[in-house]
Amino acid sequence: MAMTLRLPEGLAERARRYAAEVGISLNGLLAVALREYLDVRKPEPRLAPPPRAQALAQALARQVKAGPARRRRR
């Protein structure tokens, strides 16, 4: 995927120099840095909702999908 990334000139120059020192492309350096950044900040896995809450949510979804209830005429 191609994209444009705007960096402050000083940071871009530091990144270029560091990438050259370790023998990788600037793109490779940025990909590794972003992957490491995101890996450290992974959200905690969400627990599944309790069965009763899940059943209520499904029932509510069915009601919404069915539309408004019709009133009986007396």
# chains A, B, ... in the order shown; residues from 1 in each chain; ligands from 1
$ residues_around --residues "range 22-31 of chain A" --least-positions-apart "2" --cutoff "12 Å" --atoms "only C-alpha atoms" --output "MDAnalysis selection string"
chainID A and resid 1:5 7 11:20 33:38
$ write_last_selection --atoms "N, CA and C atoms" --output "mmCIF file, in the first residue's frame"
data_model
loop_
_atom_site.group_PDB
_atom_site.id
_atom_site.type_symbol
_atom_site.label_atom_id
_atom_site.label_comp_id
_atom_site.auth_asym_id
_atom_site.auth_seq_id
_atom_site.Cartn_x
_atom_site.Cartn_y
_atom_site.Cartn_z
ATOM 1 N N MET A 1 0.858 -1.175 0.000
ATOM 2 C CA MET A 1 0.000 0.000 0.000
ATOM 3 C C MET A 1 0.901 1.233 0.000
ATOM 4 N N ALA A 2 0.658 2.132 -0.886
ATOM 5 C CA ALA A 2 1.426 3.373 -0.964
ATOM 6 C C ALA A 2 0.694 4.467 -0.208
ATOM 7 N N MET A 3 1.461 5.304 0.486
ATOM 8 C CA MET A 3 0.860 6.420 1.204
ATOM 9 C C MET A 3 1.881 7.528 1.382
ATOM 10 N N THR A 4 1.403 8.714 1.651
ATOM 11 C CA THR A 4 2.260 9.858 1.918
ATOM 12 C C THR A 4 2.336 10.051 3.426
ATOM 13 N N LEU A 5 3.542 10.234 3.922
ATOM 14 C CA LEU A 5 3.743 10.456 5.353
ATOM 15 C C LEU A 5 4.527 11.745 5.515
ATOM 16 N N LEU A 7 6.636 14.098 7.896
ATOM 17 C CA LEU A 7 7.400 14.095 9.144
ATOM 18 C C LEU A 7 8.122 15.427 9.292
ATOM 19 N N LEU A 11 13.204 14.892 12.236
ATOM 20 C CA LEU A 11 12.874 13.484 12.484
ATOM 21 C C LEU A 11 13.104 12.651 11.230
ATOM 22 N N ALA A 12 12.729 13.183 10.080
ATOM 23 C CA ALA A 12 12.929 12.468 8.821
ATOM 24 C C ALA A 12 14.418 12.237 8.572
ATOM 25 N N GLU A 13 15.242 13.240 8.839
ATOM 26 C CA GLU A 13 16.684 13.107 8.636
ATOM 27 C C GLU A 13 17.280 12.074 9.592
ATOM 28 N N ARG A 14 16.860 12.097 10.855
ATOM 29 C CA ARG A 14 17.337 11.084 11.815
ATOM 30 C C ARG A 14 16.955 9.689 11.351
ATOM 31 N N ALA A 15 15.730 9.540 10.856
ATOM 32 C CA ALA A 15 15.263 8.234 10.397
ATOM 33 C C ALA A 15 16.072 7.776 9.178
ATOM 34 N N ARG A 16 16.335 8.681 8.245
ATOM 35 C CA ARG A 16 17.131 8.326 7.059
ATOM 36 C C ARG A 16 18.527 7.857 7.456
ATOM 37 N N ARG A 17 19.159 8.609 8.366
ATOM 38 C CA ARG A 17 20.513 8.244 8.811
ATOM 39 C C ARG A 17 20.516 6.899 9.510
ATOM 40 N N TYR A 18 19.546 6.679 10.407
ATOM 41 C CA TYR A 18 19.496 5.416 11.147
ATOM 42 C C TYR A 18 19.242 4.243 10.206
ATOM 43 N N ALA A 19 18.335 4.408 9.259
ATOM 44 C CA ALA A 19 18.052 3.338 8.295
ATOM 45 C C ALA A 19 19.321 2.999 7.512
ATOM 46 N N ALA A 20 20.080 4.015 7.102
ATOM 47 C CA ALA A 20 21.319 3.773 6.361
ATOM 48 C C ALA A 20 22.349 3.050 7.236
ATOM 49 N N ALA A 33 9.174 0.152 12.987
ATOM 50 C CA ALA A 33 8.857 1.041 14.107
ATOM 51 C C ALA A 33 7.361 1.070 14.393
ATOM 52 N N LEU A 34 6.549 1.139 13.353
ATOM 53 C CA LEU A 34 5.103 1.172 13.543
ATOM 54 C C LEU A 34 4.595 -0.152 14.107
ATOM 55 N N ARG A 35 5.107 -1.271 13.587
ATOM 56 C CA ARG A 35 4.699 -2.590 14.089
ATOM 57 C C ARG A 35 5.038 -2.719 15.580
ATOM 58 N N GLU A 36 6.259 -2.330 15.957
ATOM 59 C CA GLU A 36 6.649 -2.418 17.371
ATOM 60 C C GLU A 36 5.788 -1.508 18.242
ATOM 61 N N TYR A 37 5.516 -0.317 17.762
ATOM 62 C CA TYR A 37 4.675 0.630 18.501
ATOM 63 C C TYR A 37 3.294 0.037 18.749
ATOM 64 N N LEU A 38 2.690 -0.516 17.694
ATOM 65 C CA LEU A 38 1.339 -1.073 17.820
ATOM 66 C C LEU A 38 1.324 -2.347 18.665
#
$ select_by_dssp --residues "range 8-62 of chain A" --states "helix (DSSP H, G or I)" --output "number ranges by chain"
A: 9-22, 26-40, 51-62
$ atom_distance --atom1 "CA of Leu47 in chain A" --atom2 "CA of Lys65 in chain A"
26.3 Å
$ atom_distance --atom1 "CA of Ala57 in chain A" --atom2 "CA of Pro45 in chain A"
20.4 Å
$ atom_distance --atom1 "CA of Ala61 in chain A" --atom2 "CA of Ala48 in chain A"
17.7 Å
